[in-house]
Every structure is written in C-alpha cells, then in structure tokens.
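First up is the structure itself, then whatever we jot down about it.
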Amino acid sequence: MKNSSHGKWFHLNTQDIIEQLNTNSEKGLDSKEAVKRQELYGKNVLSETKRESNFKRFLKQFHDILIYVLIFAALITTLLQQYIDTTVIVLVIIINAFIGYIQENKAEKALHSIKKMLSLHANVIRDGQRTKLGADELVVGDIVLLSAGDKVPADIRFLQCHNISIDESALTGESVSAEKKTDTLPEDTVLGDRQNMAFSGTSVTSGTGIGVVVETGNDTELGKINTSIAEVVEIKTPLLQQTATFGKQISIAIVGLGVIMFLFAYFLRDYGIGELTLSIIAMIVAAIPEGLPAIMSIILAIGVQNMASKKAIVRNLPSVETLGSVSVICSDKTGTLTKNEMTVKSLVTASNSYKITGLGYTPEGKISYDNKEADVEGDEELKRILLCMKTVNDATLAKDENHHWKIHGEPTDGALITLAEKANKELPHLQKEAKIPFDSEYKYMAVLTTYHDSKYIFIKGAPDRLFEMAESTNTFSREFWEEKMLELAKKGERVIGAAYKKVPSNVQSIHHEDLKEEVHFLGLAGIIDPPREEAIQAIEECRNAGIRVKMITGDHPETAYAIGKQMGIGNGHHALEGRKIDQLSDEELAEAVQTYDIFARTSPHNKLRLVEALQSNGEICSMTGDGVNDAPSLKKADIGVAMGIKGTEVAKDASKMILVDDNFKTIVSAVEEGRRVYDNLKKTILFILPTNGAEALLVAGSILLGMSMPLTPVQILWVNMITAVTIALSLAFEGLEKGAMNQPPRPKKSHLLNGYYVFRIAYVSIIIGMTCLYLFINLSNLGYELHLINTIILNTIVFGEMFYLFNCRNELDPAFSKGFFTNKVAFLVSGLLILFQIMITYVPFLNTALGTAPMKLSHWFIPILLGAIVFLVVEVEKWMTRKVRS
C-alpha cells in the first residue's frame, strides 16, 4: 500500500493519495481498519536500540594490548608465589580501568531526546467523528486536523490549508516558518521546499490544516534521522588510533625482546627457571609504560576543565585532543554562524534610507540616518512605517527564565516588533479594531486601527502585492521601489513592504476589496538572520591555522551566498545544492567537497554524506549544528559540536562538544586548547618513555651479564607510577607552544613519536640505564648490601627523570627561558617527588613493602649528579638541533 509512492507523497495529487491509502478524506478510517493497519505496520513510535550495561563499559577499559601484557605478568607472578608483585600489578591495572571508565562513561541520549520531540496527542477523524488519540495510535491513512500550537504527530500530506505555517527550523535549518499549501510538487523537490507536507516533530505556528498521515514511526523524516543516528558508526579519534598503534608496536617489541632474552639467559647463563622468569617479568614490567594511560586520561581531563572555563563542554576525553587536529570545520548556518534571530538591518521610506543597529531579538540598538539617531517625533514617514510594523503584527517579545529575549510568534513579526522597540521614543500602542489575517494566497496582513483620531488600515506583506495596491495613487513610482527592493535583496535581506489607507471613521470591518485603491506605500524593511560578528573573526583565525570552514545550510543559495560572502566563506557566487548532491556518486562528491565551501538546500542525509566525503579525503572533520537535522552528521564527524542555548537536545546528545554560549569563536579557543593538549601529551611520552627504556636496559644488561636484579618488579612499578602521576602530571599545565596556531593541522597519519623523539628517548634511556648498570656493578663489587644498592639505583633513575622534566617542558627551546617559572606545578610536584623518595628510603614499613634500605647522606650525591648530567646533555643536544634546523 505505502511502497508504491516510494515516499514521494508531495509529488502525488491528493485524490491519488486518498485512493492509494484506501481512506476517506471526510470520514477518515474506521476503527477496525485502523487496528488492522497498526498490527501490520506497528505503532507510531521510534525504535529503540539496546544500550551497553555499565559493567560491559567497565570491562572494555581492559581491552588494551598493554593491559593484556600486564595481566599476563600478574598471572606469572601469582604462579611463582610473588604475591606482593602480583598485588601491585593488579592495582595498577584496576586503577587505570577506573580512570578510563569514570572519564569516558557517557550515556547515549540522542535517541531518547528525539522521542521527546514527538507529539503526545493528535486530533483525528475516525468513524466519521472528530476524536483525540494518543499520537502512537496513528496509522497511515488517518485524517489529522492541525491548528496553531500543535506538534505534528506524523508525516502528513495536506488536503486543506488555511493560512497554516510550520516551524521546521530544527528539521530543515530554515529560520523562517514554512507556509503550507496543497499543490502537487515536482519529483525532485528537496525537503525544505515540500510545502504540501508537515513533518513529525515540527510545530504549527499559525493557521489550520487537514491532512492524511502518509508515514509513521521510523518511516517519518524524524524516524529516518533516528535510524541514521543509530546506524552511524563513530570513528576512533586520531589520538586513540595513534595510541592503539603505538601500544601494539611497543607490546610486540617488549614481548619479542622478553622471549629473546629468556632464550639467551636460559641457554647461555646459569639461571634457575623461577629466577629467570622473574627477571624477564621485571624487564617486561620495566619496559611497559603502565602509567601512561593514567597520565593521558588526567591530561585530557585537565583539558576538559580548561575548555569548560572557555564555555566549551566536552563530553568524552579524547575529543579534547581531536579539535587540535581538525582540518575542516563544517558549520550549519542558522543559529551557528548566524544568530537564528531575524533582525531588521535596513529601513527605506520615500525620503530616507535608515540603518538599524543591534542584532537579534534584544531590543537594543538605534535607527539612524546620516550617522545620527533618527527622531520619530520629527519624522512622520518613519513613525508611520514603525507603527505599521508594530500594529500589523501577531508576535510578542519577552524575556525567558534565563533572561534571554524571546519572541512568541513568527520570526519575521518578532524582528519587526524589535525594530519598533528601537525607536528613540516609545511608540503608541494602537488597538486592532479589525483584521485581515495573513494568507499565503494573498501574502499580506492588514489591520484597522485609529491613529490621531482618524481611522487607518495598516498593511504589511510581500512588496510586489503592496506595489499592486499602491499603483492607483499618482505619487507611487514602482520603478523606484523595485530598485530599492533589489538593493536590499542583493545584500541577502528578506524584504517586507508596508502601506496604509485612510478610511472613514464609521468603518468597522475590512475586506480584501477595500485595499484595491487609495493605498499609500510607506516603505521597505530589509530583514536578515544576522551573522555573528565574532564568528567572522573566528573564521579568519581558522584560516590562519590552516583550517577550512565550510557552510552547510538548508537555506536558499542566494541567502547562503550573501551570508558566506559577509563571513569570508566561499567566493559569494558558487554553492552546491542538495538536489545536485543527491545526483553525485560518492567519488564525485569527494571531489566536489574539495572545490565548494558553501552547500545550500541540504537535507540531513546530504549533511551526513558531506562529512563522509571529507573523511574519505583524509580530512579530520568537525561539524557544528543545532537542529535535529544536524544530529546524524554531528555523530559521524570526528568531533560534532552542538550549540548549548539554541541547540536541540537531540543535537547536543549526538555531539561530542557543546558550546555553552553558542559562539562559533569558542571553537577557535577549543582548537587552541586541543593543540596545547596534544603537544603536552607528546611531551609526556617524551618524558615517560626514557624511564621505561632505562629500566629495561638496566634489567636486560644484568641478565646478559648473569647478575642478580638491580631492581625488583615492585620497585620498577613504583618508579614508573610515581614519575607518571607526579612530575609527568606537571606537563599537563604547560602553555601553548609559540606559533602553534599559525601552523597547519597535523597530518591524519602522523605518529606520536617522530624520528627526533625516538632519538631523544633512546639516548636519554642509554645515559640513565647504562650509568645505573655501571653503578650496580661497582657497588656490588664494593660489597654493598643488595637492598641498599636497589635503593640507590631506584633514586638515581627517579632523580635523572626529575631533572629531565625541565628539559621536556619545551621541545626545543632552552629550559631557562622567560617561561621557566610560569608552570608552578612543575616545582610543586618535584618537591612532592623528593618527599616520596625520602619516605620510601627511610620509613620502615615502606622499606619492607618495597625492599628498600636507608641511604647515607653521601649516597644522595650520586642521584643528583646523574640528574645534572642528563639535564646538561639534553640542553646541549637541543641547542645543536636548533642550529641544524635553522
């Protein structure tokens, strides 16, 4: 029954639809038939997806190759009855899992939020009688009655329309309510132009209509978005991809080295199997940077807090860093680049052209002429056109509970009410004595009122219709006004006309026939959905950072051109329309997105395809938006960014970041923070890995030489964790590297460790590791007790890393620079580290737990000396590298 239309109900005439759906436009369905259809097609509800349990999400935190290696090590130590080692390893694993779970656990609310948009009730005709049903009871073929204030309960094809307008901004991106009619439309009509349809989840703003239900549940446009969100597979962030690759590489290297060392020592050295196994485990534990996942989570969490202070709420940790690598930002126009608040910017009368300041519905700004504020008391033309715009109006303006100015009614009417409030003196409130409501057929509205003890009909509407009325007067020049209208239209402004007619004082009612003569044209108002001024600056900053900004909107191409030109997006002439996107193959679209920066009249599916096309070209893509129509593309993007004030709950829940202030400029601050976080993560790896490298070299050297272990597995874990969660943490507070926002985004396939990083990690590991091995040999030959040697070696590695921390604060710049004291956390955690090392050296129960022994004061000279050597060598190497690169 339904499939024969292929969903293009807008292309069929109403009689064909009634016959195809086997219904009756007057009597509706009978109850028995409705029950049959509900059994066949199901209820008018959206399907739900099963959510993962909290326990399953916690278990997923262990799905990491480095964790698998640690679990294996814990099992072996248990079999060897080394229970202290086992306990410490297990604690490390569990702590890492909890950090990951707490930081990354988020509920998937997008589908639930879409359900909130659905209407709860519907007025229908069943069995020939009007009745009120639960919206979930609707079936295809039901006849539905709609009126102002109703939420549309299903996708409906109109049979009758009476001045009905519907707010579809959340679904199509259009900031102006859509006027509806019953005419059959062409087969290629895009979603935003389907004037004979009403879509589930949208709201009726004015008028009444009768229609037939043609789609329910998942088959509605809202249902398709719901399905699309559920089907979108979120891709891993660049950081997660890089760390996964890094984890595999380091795990293979560690396990491979362990096997080689085991075979070498077993056949060529005199080790017992138990002692050798413990030694190999010690080496593996030494080489694994088990503190890295914890410190990375903490650094990302600090980035989340920093972004929150800049009014950007990040919903999962890796997304903090993703913004730093974004190469393309796809932005919705309405409510994102623009305010989604219609604003009068121009006012033209026969004598003057006025400029209007102030944006949105906030009644602040001025009406100015010749750079001076216009005086309504001394300018009767201006006063009359403002009175007309204020009186011929059904909107109201008020503050909401958050003290934001809101309009109730049509956005265009709201803009005109706000304009009247900007007059330098308060305008009188004129009573509406009679009214001709706005009708899409006539395209104007008229009000009978009394002004200065005389009766007038004020008229507001489409300029061409008012021109026809005014042509009967000798003073009207249509050529003059059409030229003025064209000037406003070229600026991307929607033009509204105003006129009046003086009538006798005994007139009590008005009709369309009354407006055919003696109508005097007052002037034109130019209305736009204004660009955010701060967004224009932000787009320029994106360009400097090598990030392309693309505008994706449901608006008409002409509007998109004008806004794009004002904002510095595109060339002001070329845009790719949604209907053309539908005709392109995936390969052709991937090529087109490289050429075009403006995309107009787009559907939710178009937006999703555009994001996928950019990603197929290797771009790291951010998508910003606020409507339900943006939700699938927000979820698919590498990082979806929703608006916090104007954004729908569906958009917020599908996104990874929410802008609290709806300010596009906040994205630039977030990109800056993302780049800072990534740089600091790299510095952390640059800092932590020499600890593991030095320990692994030390243990491997002792195995090769057939000696006892310089450090026990517990001591190795202590060094790894204490350096990671104390001094490494300070790198999270380093500022943005100089010139970072003038560099292009890093390539998608870039590695966490470049050649220079590998070189630095290698030579620092060798300096610390080989020095400690030399110390171990000499102290053993001098007859030092093993626990004391372990303690000296342990402190030497830790102090070497502490000094090295100050090398890592700047990748190549000198450690002693103007910013040396800016990061106070570095000095605080260094003090804490010294305190911890003193405690494990001298506190008796810690000596027992970690196998350490008290050191003499003279022994401390060894760790301090090595730390100073490491610091000086790295600073000399950095100086030489700067010279070579320059």
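Ligands are numbered from 1 in the order shown, chains are lettered A, B, ... in the order of the structure tokens, and residues start at 1 in each chain.
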
Applying 9 Å and only C-alpha atoms, which residues near region 460-466 of chain A remain after dropping the ones on its own chain fewer than 6 positions away? List them as a VMD selection string. chain A and resid 388 to 389 392 to 393 438 442 to 447 481 to 482 485 495 to 500 519 521 523 to 524

Write out as a ChimeraX atom specification which residues come within 7 Å of Ala600 (chain A) when counting only C-alpha atoms, dropping same-chain ones fewer than 2 positions away. /A:552-557,560,575-578,598,602

Write down as a PyMOL selection string the residues of region 184-372 of chain A whose backbone DSSP state falls under strand (DSSP E). chain A and resi 197-198+203-215+312-314+328-332+343-349+353-356+367-369+372

Write a file of the selected residues as a compact mmCIF listing (two decimals), in the first residue's frame, keeping C-alpha atoms.
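Dumped to again-v2.txt:
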```
# COMPACT_ATOMS: atom_id res chain seq x y z
CA MET A 197 3.85 18.26 3.73
CA ALA A 198 4.00 18.51 7.52
CA SER A 203 5.32 22.79 15.31
CA VAL A 204 2.38 24.70 13.83
CA THR A 205 2.92 28.44 14.38
CA SER A 206 -0.25 29.78 12.78
CA GLY A 207 -3.35 28.78 10.84
CA THR A 208 -5.11 25.44 10.47
CA GLY A 209 -4.90 22.48 8.13
CA ILE A 210 -6.23 19.00 7.42
CA GLY A 211 -4.02 16.22 6.11
CA VAL A 212 -3.65 12.50 5.68
CA VAL A 213 -0.98 10.50 7.51
CA VAL A 214 1.41 9.07 4.93
CA GLU A 215 4.31 7.90 7.14
CA ALA A 312 33.02 24.53 25.68
CA ILE A 313 31.70 21.36 27.33
CA VAL A 314 33.48 18.23 26.08
CA VAL A 328 37.88 21.19 8.19
CA ILE A 329 35.01 22.71 10.17
CA CYS A 330 31.59 22.16 8.58
CA SER A 331 29.19 24.64 10.08
CA ASP A 332 25.45 24.88 9.94
CA THR A 343 16.80 41.19 12.51
CA VAL A 344 15.81 44.30 10.58
CA LYS A 345 19.01 45.86 9.23
CA SER A 346 17.58 48.33 6.70
CA LEU A 347 14.54 50.58 6.53
CA VAL A 348 13.65 52.58 3.41
CA THR A 349 10.99 55.29 3.10
CA SER A 353 17.23 55.11 3.96
CA TYR A 354 17.88 54.14 7.59
CA LYS A 355 20.42 51.82 9.13
CA ILE A 356 19.46 49.72 12.14
CA ILE A 367 17.58 53.66 13.97
CA SER A 368 19.96 56.09 12.33
CA TYR A 369 20.02 58.33 9.27
CA LYS A 372 22.59 60.41 13.51
```

When DSSP works through the backbone of this structure, what residues of region 564-788 of chain A end up as helix (DSSP H, G or I), shown as a PyMOL selection string? chain A and resi 564-567+578-583+586-595+604-616+628-636+649-654+665-704+713-725+727-733+740-742+755-781+786-788

So that I can see what lies close to Lys682 (chain A), please list as a PyMOL selection string the residues with an atom at most 9 Å from it, counting only C-alpha atoms and leaving out residues fewer than 4 positions away in the same chain. chain A and resi 677-678+686-687+752-753+757

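Closest approach to Lys878 (chain A) among A:Pro814, A:Pro186, A:Pro854, A:Gly568 is made by A:Pro814 (distances from only C-alpha atoms).
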
As an mmCIF file with N, CA and C atoms, in the first residue's frame, please: the residues near Ala651 (chain A) (cut-off 9 Å, only C-alpha atoms, same-chain neighbours under 4 positions excluded).
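The resulting result_19.cif:
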```
data_model
loop_
_atom_site.group_PDB
_atom_site.id
_atom_site.type_symbol
_atom_site.label_atom_id
_atom_site.label_comp_id
_atom_site.auth_asym_id
_atom_site.auth_seq_id
_atom_site.Cartn_x
_atom_site.Cartn_y
_atom_site.Cartn_z
ATOM 1 N N ALA A 110 20.818 10.540 22.594
ATOM 2 C CA ALA A 110 20.278 11.157 21.382
ATOM 3 C C ALA A 110 18.925 10.574 20.979
ATOM 4 N N SER A 113 16.195 11.665 23.286
ATOM 5 C CA SER A 113 15.837 13.064 23.089
ATOM 6 C C SER A 113 14.948 13.242 21.872
ATOM 7 N N GLY A 625 26.370 22.370 14.641
ATOM 8 C CA GLY A 625 24.960 22.483 14.313
ATOM 9 C C GLY A 625 24.105 22.577 15.554
ATOM 10 N N ASP A 626 22.809 22.809 15.329
ATOM 11 C CA ASP A 626 21.912 22.953 16.476
ATOM 12 C C ASP A 626 20.582 22.235 16.299
ATOM 13 N N GLY A 627 20.297 21.744 15.087
ATOM 14 C CA GLY A 627 18.987 21.158 14.828
ATOM 15 C C GLY A 627 18.987 19.651 14.823
ATOM 16 N N VAL A 628 17.792 19.097 14.814
ATOM 17 C CA VAL A 628 17.635 17.647 14.699
ATOM 18 C C VAL A 628 18.250 17.161 13.396
ATOM 19 N N ASN A 629 18.116 18.003 12.339
ATOM 20 C CA ASN A 629 18.659 17.624 11.039
ATOM 21 C C ASN A 629 20.180 17.498 11.052
ATOM 22 N N ASP A 630 20.833 18.081 12.052
ATOM 23 C CA ASP A 630 22.296 18.009 12.137
ATOM 24 C C ASP A 630 22.780 16.767 12.888
ATOM 25 N N ALA A 631 21.881 16.082 13.598
ATOM 26 C CA ALA A 631 22.303 15.031 14.533
ATOM 27 C C ALA A 631 23.116 13.897 13.888
ATOM 28 N N PRO A 632 22.676 13.305 12.758
ATOM 29 C CA PRO A 632 23.493 12.212 12.196
ATOM 30 C C PRO A 632 24.903 12.659 11.817
ATOM 31 N N LEU A 634 26.536 15.225 13.064
ATOM 32 C CA LEU A 634 27.261 15.543 14.307
ATOM 33 C C LEU A 634 27.882 14.285 14.895
ATOM 34 N N LYS A 635 27.120 13.201 14.856
ATOM 35 C CA LYS A 635 27.623 11.948 15.422
ATOM 36 C C LYS A 635 28.724 11.344 14.555
ATOM 37 N N GLY A 640 31.682 16.293 16.713
ATOM 38 C CA GLY A 640 30.461 17.059 16.498
ATOM 39 C C GLY A 640 30.328 18.116 17.576
ATOM 40 N N VAL A 641 29.965 19.339 17.167
ATOM 41 C CA VAL A 641 29.880 20.464 18.100
ATOM 42 C C VAL A 641 28.467 21.032 18.052
ATOM 43 N N ALA A 642 27.737 20.978 19.174
ATOM 44 C CA ALA A 642 26.360 21.459 19.225
ATOM 45 C C ALA A 642 26.287 22.782 19.973
ATOM 46 N N MET A 643 25.247 23.552 19.665
ATOM 47 C CA MET A 643 25.015 24.821 20.347
ATOM 48 C C MET A 643 24.256 24.579 21.652
ATOM 49 N N GLY A 647 20.580 25.014 20.637
ATOM 50 C CA GLY A 647 20.632 23.640 20.155
ATOM 51 C C GLY A 647 19.527 22.763 20.723
ATOM 52 N N SER A 655 26.366 15.019 19.812
ATOM 53 C CA SER A 655 27.661 15.691 19.649
ATOM 54 C C SER A 655 28.664 15.227 20.699
#
```

Quick one: residues within 10 Å of Gly674 (chain A), only C-alpha atoms counted, chain neighbours fewer than 2 positions away excluded, as a PyMOL selection string? chain A and resi 300+303-304+307+318-326+668-672+676-680+736

Output N, CA, C and O atoms for every residue in that selection, as a CSV table (one decimal), in the first residue's frame.
```
chain,number,residue,atom,x,y,z
A,300,LEU,N,44.0,14.8,29.6
A,300,LEU,CA,42.8,15.1,28.8
A,300,LEU,C,41.7,15.7,29.7
A,300,LEU,O,41.0,16.6,29.3
A,303,GLY,N,42.4,19.2,30.3
A,303,GLY,CA,42.0,19.9,29.1
A,303,GLY,C,40.5,20.1,29.0
A,303,GLY,O,40.0,21.2,28.6
A,304,VAL,N,39.7,19.1,29.5
A,304,VAL,CA,38.2,19.2,29.6
A,304,VAL,C,37.8,20.4,30.5
A,304,VAL,O,37.0,21.2,30.2
A,307,MET,N,38.6,23.7,28.9
A,307,MET,CA,37.6,24.0,27.8
A,307,MET,C,36.3,24.5,28.5
A,307,MET,O,35.7,25.4,28.0
A,318,PRO,N,38.9,11.9,24.7
A,318,PRO,CA,39.8,12.0,23.5
A,318,PRO,C,39.4,13.2,22.6
A,318,PRO,O,40.2,13.7,21.8
A,319,SER,N,38.1,13.6,22.7
A,319,SER,CA,37.6,14.7,21.8
A,319,SER,C,38.4,16.0,22.1
A,319,SER,O,38.4,16.9,21.3
A,320,VAL,N,38.9,16.1,23.3
A,320,VAL,CA,39.7,17.3,23.7
A,320,VAL,C,40.8,17.5,22.7
A,320,VAL,O,41.0,18.6,22.1
A,321,GLU,N,41.5,16.4,22.4
A,321,GLU,CA,42.7,16.5,21.6
A,321,GLU,C,42.3,16.5,20.1
A,321,GLU,O,43.0,17.1,19.3
A,322,THR,N,41.1,15.9,19.7
A,322,THR,CA,40.7,15.8,18.3
A,322,THR,C,40.6,17.2,17.7
A,322,THR,O,41.0,17.4,16.6
A,323,LEU,N,40.1,18.2,18.5
A,323,LEU,CA,39.9,19.5,17.9
A,323,LEU,C,41.2,20.1,17.5
A,323,LEU,O,41.3,20.9,16.5
A,324,GLY,N,42.3,19.7,18.2
A,324,GLY,CA,43.6,20.3,17.8
A,324,GLY,C,44.1,19.8,16.4
A,324,GLY,O,45.0,20.4,15.8
A,325,SER,N,43.5,18.7,15.9
A,325,SER,CA,44.0,18.1,14.6
A,325,SER,C,42.9,18.4,13.5
A,325,SER,O,43.1,17.9,12.4
A,326,VAL,N,41.8,19.1,13.8
A,326,VAL,CA,40.8,19.3,12.9
A,326,VAL,C,41.3,20.1,11.7
A,326,VAL,O,42.0,21.1,11.8
A,668,VAL,N,37.4,28.2,18.1
A,668,VAL,CA,38.8,28.5,17.9
A,668,VAL,C,39.5,28.4,19.2
A,668,VAL,O,40.7,27.8,19.2
A,669,SER,N,39.0,28.8,20.3
A,669,SER,CA,39.6,28.6,21.6
A,669,SER,C,39.7,27.1,21.9
A,669,SER,O,40.8,26.7,22.5
A,670,ALA,N,38.7,26.4,21.5
A,670,ALA,CA,38.8,24.9,21.8
A,670,ALA,C,39.9,24.3,20.9
A,670,ALA,O,40.6,23.3,21.3
A,671,VAL,N,40.0,24.7,19.7
A,671,VAL,CA,41.1,24.2,18.8
A,671,VAL,C,42.5,24.5,19.4
A,671,VAL,O,43.4,23.7,19.4
A,672,GLU,N,42.6,25.7,19.9
A,672,GLU,CA,43.9,26.1,20.6
A,672,GLU,C,44.1,25.2,21.8
A,672,GLU,O,45.3,24.7,21.9
A,676,ARG,N,47.2,22.5,22.3
A,676,ARG,CA,48.0,22.5,23.5
A,676,ARG,C,48.0,21.1,24.2
A,676,ARG,O,49.1,20.7,24.6
A,677,VAL,N,46.9,20.5,24.3
A,677,VAL,CA,46.8,19.2,24.9
A,677,VAL,C,47.6,18.2,24.2
A,677,VAL,O,48.3,17.4,24.8
A,678,TYR,N,47.5,18.2,22.8
A,678,TYR,CA,48.3,17.2,22.1
A,678,TYR,C,49.8,17.4,22.2
A,678,TYR,O,50.5,16.4,22.4
A,679,ASP,N,50.2,18.7,22.2
A,679,ASP,CA,51.6,18.9,22.4
A,679,ASP,C,52.1,18.4,23.8
A,679,ASP,O,53.2,17.9,23.9
A,680,ASN,N,51.3,18.7,24.8
A,680,ASN,CA,51.6,18.2,26.1
A,680,ASN,C,51.6,16.7,26.3
A,680,ASN,O,52.4,16.1,27.1
A,736,LEU,N,50.6,26.9,25.5
A,736,LEU,CA,50.6,26.6,24.1
A,736,LEU,C,52.0,26.9,23.6
A,736,LEU,O,52.6,28.0,23.9
```

Set the distance at 8 Å and use only C-alpha atoms: which residues neighbour region 32-49 of chain A once local chain neighbours fewer than 5 positions away are removed? I'd like the list as an MDAnalysis selection string. chainID A and resid 111 115 135:140 142 154 216:218 223 226:227 230

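For the residues A:Lys8, A:Lys366, A:Lys432, A:His403, ranking by smallest atom-to-atom distance to Leu185 (chain A) using only C-alpha atoms places A:Lys8 first.
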
Determine, counting only C-alpha atoms, which protein, DNA and RNA residues have an atom within 7 Å of an atom of Asn196 (chain A); residues of the same chain fewer than 6 positions away are not included. Present the result as a list in words. Phe10, Arg157, Phe158, Lys180, Lys181, Thr182 and Asp183 of chain A

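For the pair CA of Glu179 (chain A) and CA of Ala122 (chain A), the separation is 20.9 Å.
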
Atomic distance CA of Ile125 (chain A) - CA of Lys27 (chain A), expressed in Å with one decimal: 6.2 Å

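Rounded to one decimal, CA of Arg885 (chain A) and CA of Ile547 (chain A) lie 25.7 Å from each other.
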
Counting only C-alpha atoms, which of A:Ile302, A:Ala350, A:Val876, A:Leu91 gets nearest to Ile71 (chain A)? A:Leu91

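Among the candidates A:Asp394, A:Glu441, A:Glu364, A:Glu558, the one nearest to Ala420 (chain A) when counting only C-alpha atoms is A:Glu364.
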